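Text of run_9.txt (compact mmCIF, C-alpha atoms) as supplied:
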```
# COMPACT_ATOMS: atom_id res chain seq x y z
CA MET A 21 6.52 6.85 20.19
CA THR A 22 4.41 9.16 18.06
CA ASP A 23 1.82 7.57 15.80
CA ALA A 24 4.11 7.98 12.79
CA GLU A 25 7.07 6.49 14.65
CA LEU A 26 4.92 3.57 15.74
CA ALA A 27 3.73 2.92 12.19
CA ALA A 28 7.30 2.87 10.90
CA HIS A 29 8.56 0.69 13.74
CA LEU A 30 5.80 -1.87 13.30
CA ALA A 31 6.15 -2.05 9.52
CA GLU A 32 9.92 -2.48 9.77
CA GLU A 33 9.73 -5.11 12.52
CA ALA A 34 7.03 -7.10 10.73
CA GLY A 35 9.21 -7.04 7.62
CA ARG A 36 12.20 -8.26 9.59
CA ARG A 37 10.20 -11.17 10.97
CA LEU A 38 8.94 -12.06 7.50
CA LEU A 39 12.48 -12.14 6.12
CA ALA A 40 13.58 -14.35 9.01
CA LEU A 41 10.69 -16.74 8.38
CA ARG A 42 11.59 -17.00 4.71
CA ASP A 43 15.26 -17.56 5.53
CA GLU A 44 14.34 -20.55 7.69
CA ALA A 45 13.35 -22.32 4.44
CA ARG A 46 10.69 -24.40 6.21
CA PHE A 47 8.03 -23.18 3.78
CA ASP A 48 7.88 -22.01 0.20
CA GLY A 49 5.33 -20.81 -2.34
CA LYS A 50 1.75 -20.49 -1.09
CA GLY A 51 2.64 -22.16 2.20
CA LEU A 52 5.23 -19.48 2.89
CA GLY A 53 2.73 -16.78 1.97
CA ASP A 54 0.12 -18.18 4.34
CA GLU A 55 2.61 -18.54 7.21
CA GLY A 56 3.92 -15.05 6.61
CA ASP A 57 0.44 -13.53 6.62
CA ALA A 58 -0.38 -15.23 9.92
CA LEU A 59 2.93 -14.31 11.56
CA ALA A 60 2.90 -10.65 10.58
CA ASN A 61 -0.79 -10.22 11.33
CA ALA A 62 -0.44 -11.65 14.84
CA TYR A 63 2.50 -9.35 15.55
CA LEU A 64 0.83 -6.19 14.20
CA CYS A 65 -2.54 -6.77 15.84
CA GLU A 66 -1.02 -7.57 19.23
CA ALA A 67 1.28 -4.56 19.12
CA LEU A 68 -1.43 -2.11 18.05
CA GLY A 69 -3.83 -3.50 20.64
CA ARG A 70 -1.18 -2.93 23.30
CA GLU A 71 0.14 0.45 22.14
CA ARG A 72 -3.12 2.05 20.94
CA PRO A 73 -5.90 0.17 22.76
CA ASP A 74 -8.55 2.86 22.22
CA ASP A 75 -8.14 2.99 18.44
CA GLY A 76 -9.94 0.88 15.86
CA LEU A 77 -8.20 -1.71 13.71
CA LEU A 78 -8.80 -3.08 10.22
CA SER A 79 -6.49 -5.81 8.94
CA GLU A 80 -6.74 -7.93 5.82
CA GLU A 81 -6.03 -11.04 7.88
CA SER A 82 -8.42 -10.46 10.79
CA ARG A 83 -12.19 -10.69 11.03
CA ASP A 84 -13.80 -7.28 10.61
CA THR A 85 -16.19 -6.66 13.51
CA LYS A 86 -17.40 -3.20 12.38
CA ASP A 87 -16.62 -1.81 15.84
CA ARG A 88 -14.12 0.39 14.05
CA LEU A 89 -16.93 2.38 12.37
CA ALA A 90 -17.63 4.22 15.63
CA LYS A 91 -13.95 5.22 15.95
CA SER A 92 -12.35 8.42 14.69
CA ARG A 93 -8.89 6.84 14.64
CA VAL A 94 -8.50 3.48 12.90
CA TRP A 95 -5.29 1.63 12.10
CA ILE A 96 -5.42 -0.07 8.70
CA VAL A 97 -2.80 -2.72 8.03
CA ASP A 98 -1.81 -5.21 5.37
CA PRO A 99 0.58 -7.68 7.01
CA VAL A 100 1.92 -8.88 3.64
CA ASP A 101 0.94 -6.84 0.61
CA GLY A 102 1.89 -9.12 -2.24
CA THR A 103 1.64 -12.52 -0.58
CA ARG A 104 2.33 -14.22 -3.90
CA GLU A 105 5.52 -12.21 -4.45
CA TYR A 106 6.66 -12.88 -0.89
CA GLY A 107 6.02 -16.60 -1.34
CA GLU A 108 8.02 -16.57 -4.58
CA ALA A 109 10.95 -14.81 -2.85
CA ARG A 110 10.58 -11.74 -5.06
CA ALA A 111 11.39 -8.24 -3.83
CA ASP A 112 8.18 -6.46 -4.90
CA TRP A 113 6.09 -7.03 -1.75
CA ALA A 114 5.50 -4.78 1.25
CA VAL A 115 4.13 -4.33 4.75
CA HIS A 116 1.54 -1.58 5.26
CA VAL A 117 0.74 0.19 8.53
CA ALA A 118 -1.46 3.30 8.40
CA LEU A 119 -3.66 5.43 10.60
CA ALA A 120 -6.88 6.82 9.15
CA VAL A 121 -8.41 9.73 11.03
CA ASP A 122 -12.02 10.60 10.22
CA GLY A 123 -11.76 8.64 6.98
CA VAL A 124 -8.53 10.25 5.76
CA ALA A 125 -5.24 8.38 5.29
CA SER A 126 -3.40 10.63 7.75
CA LEU A 127 -0.08 8.88 8.31
CA GLY A 128 1.62 5.61 7.64
CA ALA A 129 4.63 3.57 6.67
CA VAL A 130 5.34 1.08 3.92
CA ALA A 131 8.20 -1.34 4.49
CA LEU A 132 9.97 -2.84 1.48
CA PRO A 133 11.95 -5.46 3.40
CA ASP A 134 13.95 -6.92 0.53
CA MET A 135 15.12 -3.42 -0.38
CA GLY A 136 15.93 -2.52 3.22
CA LEU A 137 13.59 0.47 3.01
CA VAL A 138 10.79 1.90 5.12
CA MET A 139 8.98 4.74 3.39
CA ARG A 140 7.41 7.03 5.99
CA SER A 141 4.87 9.83 5.98
CA ASP A 142 6.84 11.69 8.66
CA ARG A 143 10.15 11.58 6.79
CA PRO A 144 9.51 12.58 3.19
CA ILE A 145 12.42 12.36 0.79
CA ALA A 146 13.09 14.47 -2.27
CA VAL A 147 11.54 12.90 -5.37
CA ALA A 148 13.96 12.72 -8.31
CA PRO A 149 13.20 14.87 -11.37
CA ALA A 150 10.83 13.29 -13.88
CA PRO A 151 12.38 11.78 -17.03
CA ALA A 152 11.31 12.86 -20.51
CA THR A 153 9.31 9.65 -20.99
CA PRO A 154 6.82 8.94 -18.19
CA ARG A 155 6.94 5.52 -16.54
CA MET A 156 3.76 3.76 -15.45
CA VAL A 157 3.77 0.84 -13.02
CA VAL A 158 1.28 -1.90 -13.86
CA SER A 159 0.44 -5.35 -12.58
CA ARG A 160 2.94 -7.93 -13.75
CA THR A 161 0.13 -10.45 -14.26
CA ARG A 162 -3.08 -8.44 -14.90
CA PRO A 163 -2.43 -4.93 -16.28
CA ALA A 164 -5.61 -2.86 -16.10
CA PRO A 165 -7.06 -1.93 -19.52
CA GLU A 166 -7.41 1.72 -18.43
CA ALA A 167 -3.75 1.84 -17.45
CA LEU A 168 -2.66 0.38 -20.77
CA SER A 169 -4.85 2.85 -22.65
CA VAL A 170 -3.50 5.84 -20.71
CA ALA A 171 0.08 4.61 -21.11
CA GLN A 172 -0.38 4.41 -24.87
CA ALA A 173 -1.87 7.91 -25.03
CA LEU A 174 0.98 9.36 -22.96
CA GLY A 175 3.70 7.35 -24.69
CA ALA A 176 4.59 5.98 -21.26
CA GLU A 177 6.97 3.14 -20.56
CA LEU A 178 5.31 0.23 -18.76
CA VAL A 179 7.01 -1.05 -15.60
CA PRO A 180 5.50 -4.41 -14.49
CA MET A 181 5.56 -4.91 -10.73
CA GLY A 182 3.93 -7.00 -8.00
CA SER A 183 2.21 -5.59 -4.95
CA ALA A 184 0.24 -2.35 -4.69
CA GLY A 185 2.64 -1.03 -2.06
CA ALA A 186 5.67 -1.72 -4.22
CA LYS A 187 4.02 0.08 -7.16
CA ALA A 188 3.03 3.11 -5.11
CA MET A 189 6.45 3.37 -3.50
CA ALA A 190 8.09 3.18 -6.93
CA VAL A 191 6.39 6.53 -7.62
CA VAL A 192 7.41 7.90 -4.21
CA ARG A 193 11.02 6.77 -4.77
CA GLY A 194 11.13 8.32 -8.24
CA ALA A 195 11.46 4.94 -9.98
CA ALA A 196 8.11 5.51 -11.70
CA ASP A 197 5.78 8.42 -12.33
CA ILE A 198 2.21 7.06 -12.51
CA TYR A 199 0.33 4.27 -10.76
CA LEU A 200 -3.18 3.82 -12.15
CA HIS A 201 -5.22 0.89 -10.88
CA SER A 202 -8.80 0.05 -11.83
CA GLY A 203 -9.04 -3.66 -11.06
CA GLY A 204 -10.38 -3.32 -7.54
CA GLN A 205 -8.58 -3.30 -4.20
CA TYR A 206 -9.41 -3.01 -0.51
CA GLU A 207 -8.66 -0.31 2.03
CA TRP A 208 -5.59 -2.11 3.39
CA ASP A 209 -4.06 -2.21 -0.10
CA SER A 210 -3.79 1.55 -0.39
CA CYS A 211 -4.19 3.36 2.94
CA ALA A 212 -0.53 3.31 3.98
CA PRO A 213 0.79 3.91 0.43
CA VAL A 214 -1.58 6.87 0.03
CA ALA A 215 -0.55 8.37 3.38
CA VAL A 216 3.11 8.14 2.39
CA ALA A 217 2.50 9.42 -1.14
CA LEU A 218 0.50 12.42 0.09
CA ALA A 219 3.28 13.32 2.52
CA HIS A 220 5.67 13.35 -0.44
CA GLY A 221 3.50 15.81 -2.35
CA LEU A 222 2.08 13.33 -4.84
CA HIS A 223 -1.45 13.31 -6.25
CA CYS A 224 -3.74 10.61 -4.80
CA SER A 225 -7.38 10.10 -5.76
CA ARG A 226 -9.96 7.83 -7.30
CA ILE A 227 -9.65 7.65 -11.09
CA ASP A 228 -12.58 10.06 -11.43
CA GLY A 229 -10.66 12.57 -9.32
CA THR A 230 -12.71 12.18 -6.14
CA PRO A 231 -11.00 11.79 -2.76
CA LEU A 232 -10.08 8.42 -1.28
CA ARG A 233 -12.01 7.61 1.89
CA TYR A 234 -11.11 5.00 4.49
CA ASN A 235 -12.76 3.22 7.42
CA GLN A 236 -15.92 2.69 5.40
CA ALA A 237 -18.51 -0.03 6.05
CA ASN A 238 -17.66 -1.53 2.65
CA VAL A 239 -13.87 -1.75 2.48
CA TYR A 240 -13.77 -2.45 -1.28
CA MET A 241 -12.05 0.32 -3.27
CA PRO A 242 -12.59 0.07 -7.03
CA ASP A 243 -9.72 2.19 -8.28
CA LEU A 244 -6.78 4.40 -7.44
CA LEU A 245 -4.44 6.99 -8.99
CA ILE A 246 -1.08 7.93 -7.45
CA CYS A 247 1.15 10.07 -9.62
CA ARG A 248 3.36 13.12 -9.87
CA PRO A 249 1.10 16.21 -9.63
CA ASP A 250 2.04 17.41 -13.11
CA TYR A 251 0.56 14.26 -14.67
CA ALA A 252 -2.68 14.21 -12.65
CA ASP A 253 -4.89 16.38 -14.88
CA ARG A 254 -3.79 14.61 -18.07
CA VAL A 255 -4.32 11.15 -16.65
CA LEU A 256 -7.72 12.01 -15.17
CA ALA A 257 -8.81 13.59 -18.47
CA LEU A 258 -7.73 10.51 -20.43
CA VAL A 259 -9.56 8.16 -18.07
CA GLY A 260 -12.66 10.38 -18.20
CA ALA A 261 -12.60 10.47 -22.01
CA LYS A 262 -12.38 6.69 -22.13
CA ALA A 263 -15.25 6.32 -19.66
CA GLY A 264 -17.35 8.79 -21.62
```
Please re-express this file's structure in structure tokens.
Amino acid sequence: MTDAELAAHLAEEAGRRLLALRDEARFDGKGLGDEGDALANAYLCEALGRERPDDGLLSEESRDTKDRLAKSRVWIVDPVDGTREYGEARADWAVHVALAVDGVASLGAVALPDMGLVMRSDRPIAVAPAPATPRMVVSRTRPAPEALSVAQALGAELVPMGSAGAKAMAVVRGAADIYLHSGGQYEWDSCAPVAVALAHGLHCSRIDGTPLRYNQANVYMPDLLICRPDYADRVLALVGAKAG
């Protein structure tokens, strides 16, 4: 398999295993989330270690050894993005598998198992035309103040949603137009979504407009903007005006 095919296969298979675990009904709530994280992480790490043994690996659920920093190619995975949503049997959770090359989110796949979808960087789909009123995805529990401020300035409709991957893929799928996050994330939260979004021609950056960089020593990422290109300049200007 190519790298892109491998990413898609692993994301889809991890999602299938997570659905099967949930269907067993042996766990629920936080217990289900913890079991799902462990199950998917073990599968992804074993498979990547077998299929791409010379590459680096960064996973939310594994200890970071920093060996990856000497690697040009590093797989960045989130076994369950939206553990809370998965544990609550919601649909807005995802599985992320991405490959960063020299710090750039080069390819990846985001599985949305409850929707039966795997969004891939190597198989971009046509994004539906934008509606007259822009739609902005925000956290269903902690909407970022910057996002709320920008939404008000644009007259955007707010679309509450769970995981970062589900929000980003809503923009890719044409179900939303802007995803602005300023509450802090980690590399595994956005690497695969950014790889997929870039392949679909969307704008991806920090909220000050600077590029997103991966496989860093500090994996914390303060903010993120994924949106249709025609909204990028307006959103960045609004965020900059607020910061100034």
List the neighbours of stretch 255-261 of chain A out to 12 Å using all atoms listed in the file; skip same-chain residues closer than 6 positions along the sequence, and give me the result as a PDB file with C-alpha atoms, in the frame of the given file.
```pdb
ATOM      1  CA  PRO A 154       6.820   8.940 -18.190  1.00  0.00           C
ATOM      2  CA  MET A 156       3.760   3.760 -15.450  1.00  0.00           C
ATOM      3  CA  ALA A 164      -5.610  -2.860 -16.100  1.00  0.00           C
ATOM      4  CA  PRO A 165      -7.060  -1.930 -19.520  1.00  0.00           C
ATOM      5  CA  GLU A 166      -7.410   1.720 -18.430  1.00  0.00           C
ATOM      6  CA  ALA A 167      -3.750   1.840 -17.450  1.00  0.00           C
ATOM      7  CA  LEU A 168      -2.660   0.380 -20.770  1.00  0.00           C
ATOM      8  CA  SER A 169      -4.850   2.850 -22.650  1.00  0.00           C
ATOM      9  CA  VAL A 170      -3.500   5.840 -20.710  1.00  0.00           C
ATOM     10  CA  ALA A 171       0.080   4.610 -21.110  1.00  0.00           C
ATOM     11  CA  GLN A 172      -0.380   4.410 -24.870  1.00  0.00           C
ATOM     12  CA  ALA A 173      -1.870   7.910 -25.030  1.00  0.00           C
ATOM     13  CA  LEU A 174       0.980   9.360 -22.960  1.00  0.00           C
ATOM     14  CA  GLY A 175       3.700   7.350 -24.690  1.00  0.00           C
ATOM     15  CA  ALA A 176       4.590   5.980 -21.260  1.00  0.00           C
ATOM     16  CA  ASP A 197       5.780   8.420 -12.330  1.00  0.00           C
ATOM     17  CA  ILE A 198       2.210   7.060 -12.510  1.00  0.00           C
ATOM     18  CA  TYR A 199       0.330   4.270 -10.760  1.00  0.00           C
ATOM     19  CA  LEU A 200      -3.180   3.820 -12.150  1.00  0.00           C
ATOM     20  CA  HIS A 201      -5.220   0.890 -10.880  1.00  0.00           C
ATOM     21  CA  SER A 202      -8.800   0.050 -11.830  1.00  0.00           C
ATOM     22  CA  HIS A 223      -1.450  13.310  -6.250  1.00  0.00           C
ATOM     23  CA  CYS A 224      -3.740  10.610  -4.800  1.00  0.00           C
ATOM     24  CA  SER A 225      -7.380  10.100  -5.760  1.00  0.00           C
ATOM     25  CA  ARG A 226      -9.960   7.830  -7.300  1.00  0.00           C
ATOM     26  CA  ILE A 227      -9.650   7.650 -11.090  1.00  0.00           C
ATOM     27  CA  ASP A 228     -12.580  10.060 -11.430  1.00  0.00           C
ATOM     28  CA  GLY A 229     -10.660  12.570  -9.320  1.00  0.00           C
ATOM     29  CA  THR A 230     -12.710  12.180  -6.140  1.00  0.00           C
ATOM     30  CA  ASP A 243      -9.720   2.190  -8.280  1.00  0.00           C
ATOM     31  CA  LEU A 244      -6.780   4.400  -7.440  1.00  0.00           C
ATOM     32  CA  LEU A 245      -4.440   6.990  -8.990  1.00  0.00           C
ATOM     33  CA  ILE A 246      -1.080   7.930  -7.450  1.00  0.00           C
ATOM     34  CA  CYS A 247       1.150  10.070  -9.620  1.00  0.00           C
ATOM     35  CA  ARG A 248       3.360  13.120  -9.870  1.00  0.00           C
ATOM     36  CA  PRO A 249       1.100  16.210  -9.630  1.00  0.00           C
TER      37      PRO A 249
END
```
* Fewer than 4 positions away in the same chain doesn't count, so skip those; otherwise give me all residues within 8 Å of stretch 141-148 of chain A, counting all atoms listed in the file, as a ChimeraX atom specification. => /A:24-25,127-129,192-194,215-220
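With distances taken over only C-alpha atoms, A:Gly49 is the one residue among A:Gly49, A:Gly76, A:Gly203, A:Gly56 lying closest to A:Arg110.
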Query - Selection near A:Ala34, 12 Å with all atoms listed in the file, sequence-local residues under 3 positions removed, as a PyMOL selection string - result: chain A and resi 26-31+37-41+56-67+97-101+114-117+129-133+138
Q.
List as a ChimeraX atom specification the protein and nucleic acid residues near A:Leu78, meaning an atom at most 9 Å away when all atoms listed in the file are counted, but skip any in the same chain fewer than 2 places from it.
A. /A:76,80-86,88,94-98,207-208,235
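Here atom CA of A:Leu68 is placed at a distance of 12.1 Å from atom CA of A:Arg93.
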